[in-house]
Each structure stands twice: as C-alpha cells, then as structure tokens.
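**Q** Mind looking over this structure? Questions follow.
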Amino acid sequence: MKKTTIFCFVIIGLLHYYSSAQDSHDKHPNTSGAGWTNLFNSDLSNAIFEKGVWTVSDGVITASKDEALWSEKAYDNFILDLEFKNADSTNSGVIVHASDMKDWIPHSVEIQIADDYSEKWSKVVPSWQCAAIFGHQAATKRTVKKAGEWNHYTITCVDKKIWVVLNDELVNVCDMNLFTSAKTNPDGNEIPSWLSNPMAMLSLHGHIGFQGKHAGAPIYFRNIKIKELK
C-alpha cells in the first residue's frame with residue numbers, strides 16, 4: 001500500500017475520532033474552547049426578568065421570589081454548562097425549549113433542581129427529583145450534592161434529545177419523541193396535569209430559563225455558559 005494511501009486513512013481516522021469526541025455529550029465540556037460564551041452579561045442586562053427579583057453578587061445569581069430568569073435570545077441546539085447551589089429544600093430548575101415565557105410550564109421542558117436530601121424532596125416520585133426531566137423521566141442515580149455545596153450541571157439539547165450530566169456523571173438521556181401523551185409517560189407513570197402538552201409536540205426553538213425562589217427556598221447559580229450547535 002502506498003504511503004499516501006496510508007496517510008489518507010490515518011487522517012480520516014483522526015477526523016472520525018475527533019468528530020466522535022465532539023459529539024459525546026456524557027462529560028462536562030471545556031468551556032474555555034471555541035464557541036463558548038456567557039449566557040448572561042455580568043449585570044444581567046441581556047436577561048429578561050421581573051425588575052428587582054434577580055440580583056448578582058460576586059458572580060452569584062439568585063432570586064427573591066418565584067419568577068423565572070430568561071435568556072433574551074431563543075436557541076435551538078446547544079450545550080449549557082453551569083453551577084448551582086441548593087439551600088435546604090430548594091426546588092428549582094433549568095428550563096429549555098420555552099416558546100412562551102409567560103405561560104412556560106406547558107410550553108417547555110424543565111430539567112429539575114432539588115435538594116433531594118431534604119425531608120420533602122427525598123420522598124417525592126423520582127421524576128420530581130434532581131436531574132430529572134421534570135414529570136417525565138427520572139435521573140438514573142443521585143449525584144446532587146448536599147445543600148450549601150456547588151454542583152456542576154451540563155445540559156445538551158440536540159434536536160429532540162436531551163443529555164444531563166451532573167457532577168461528572170451522565171444521569172439522564174431523554175428522547176422527547178417517545179413522550180407522545182400528556183397523560184402518561186412511556187414507563188406508565190402519570191404526568192402532572194399542568195404539563196398539558198406532550199413533550200414530543202413541543203417547539204424546540206425557545207428561550208432558556210431558570211426557576212426562582214420557589215416555596216420559600218432559594219437557589220444560586222453561577223458560571224452559566226452556552227455553546228450553540230448546528
């Protein structure tokens with residue numbers, strides 16, 4: 001075999017390897033690489049939220065009541081990387097594919113954030129616990145840290161698939177196409193009545209949001225970065 005032919009095979013193999021590595025959504029990414037940007041300006045000047053609810057101090061974002069913080073821009077395919085910290089009994093979430101920011105609950109997908117160690121959230125159904133696709137699909141294992149510790153979250157949305165990595169472990173892979181009912185999930189579990197649109201039918205072009213201080217327990221976010229995908 002000629003050296004040029006061998007060289008071509010090596011190049012093709014390397015391209016395939018790096019392409020596969022880039023398509024892997026089971027790890028936290030290097031957010032210092034090309035294509036990454038902060039989702040919000042440091043003063044939240046490019047965010048949409050009720051005035052006075054969300055504030056920033058030393059790079060940490062938090063809310064004073066249960067009103068969401070929204071990206072000004074709508075996205076399709078992306079990788080979202082961030083850190084969050086729970087308080088005791090925190091119930092929050094990262095919202096993706098939100099086509100309606102005012103009536104977002106039935107028009108989006110929520111990747112749950114919860115203090116699974118608290119009295120309340122340790123006893124709820126698994127699809128309501130941390131890293132679940134809320135109301136639809138539970139995380140495969142608990143990797144959230146206890147209240148007061150920072151967690152690393154990576155959420156990747158490509159077409160109708162969602163990957164969730166929490167603290168270095170892939171804990172959820174969801175195919176929205178499988179969720180064709182607004183009543184019952186593919187595993188037979190009941191869907192909360194307020195999620196009234198089948199997930200398979202949701203628009204993918206939407207805003208990214210963060211749920212605020214829900215049920216009296218705060219949530220803290222920092223280092224929120226995004227990379228758009230083709």
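Labels used: A, B, ... for chains in the order of the structure tokens, numbers from 1 for residues in each chain, and numbers from 1 for ligands as shown.
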Do a neighbour search on Phe84 in chain A at 7 Å with only C-alpha atoms, toss out local chain neighbours closer than 6 positions, and write the hits as a list of chain:residue names.
**A**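 Once the adjacent positions are removed, what remains is A:Trp150, A:Asn151, A:His152, A:Tyr220, A:Phe221, A:Arg222.
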**Q** Go through range 134-228 of chain A and flag each residue having an atom no more than 9 Å from range 30-47 of chain A; for those, report the closest pair of atoms plus their distance in Å to one decimal, using only C-alpha atoms, ordered by chain and rising number, as JSON lines.
**A**
{"residue": "A:Asn223", "atom": "CA", "partner": "A:Asn38", "partner_atom": "CA", "distance": 7.6}
{"residue": "A:Ile224", "atom": "CA", "partner": "A:Leu39", "partner_atom": "CA", "distance": 5.9}
{"residue": "A:Lys225", "atom": "CA", "partner": "A:Asn38", "partner_atom": "CA", "distance": 4.4}
{"residue": "A:Ile226", "atom": "CA", "partner": "A:Thr37", "partner_atom": "CA", "distance": 5.6}
{"residue": "A:Lys227", "atom": "CA", "partner": "A:Trp36", "partner_atom": "CA", "distance": 4.7}
{"residue": "A:Glu228", "atom": "CA", "partner": "A:Gly35", "partner_atom": "CA", "distance": 7.2}
**Q** With only C-alpha atoms as the atoms that count, which of A:Glu83, A:Ser24, A:Thr143, A:Ile111 lies nearest to Ile61 in chain A?
**A** A:Glu83
**Q** Please provide as a list in words all residues within 8 Å of Ile219 in chain A, with the sequence filter that same-chain residues fewer than 4 positions apart are discarded (counting only C-alpha atoms).
**A** Thr62, Ala63, Phe84, Lys85, Asn86, Ala87, Thr90, Asn91, Ser92, Gly212 and Lys213 of chain A
**Q** Write down as a ChimeraX atom specification the residues belonging to range 17-226 of chain A that are assigned strand (DSSP E) by DSSP computed on the backbone.
**A** /A:36-38,47-48,54-57,60-63,69-75,77-86,91-98,109-114,150-158,161-166,169-175,206-210,219-226
**Q** Out of A:Asp115, A:Asp175, A:Glu169, A:Asp88, which residue has the shortest atom-to-atom distance to Gln137 in chain A when counting only C-alpha atoms?
**A**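 The shortest atom-to-atom distance to Gln137 in chain A comes from A:Asp175.
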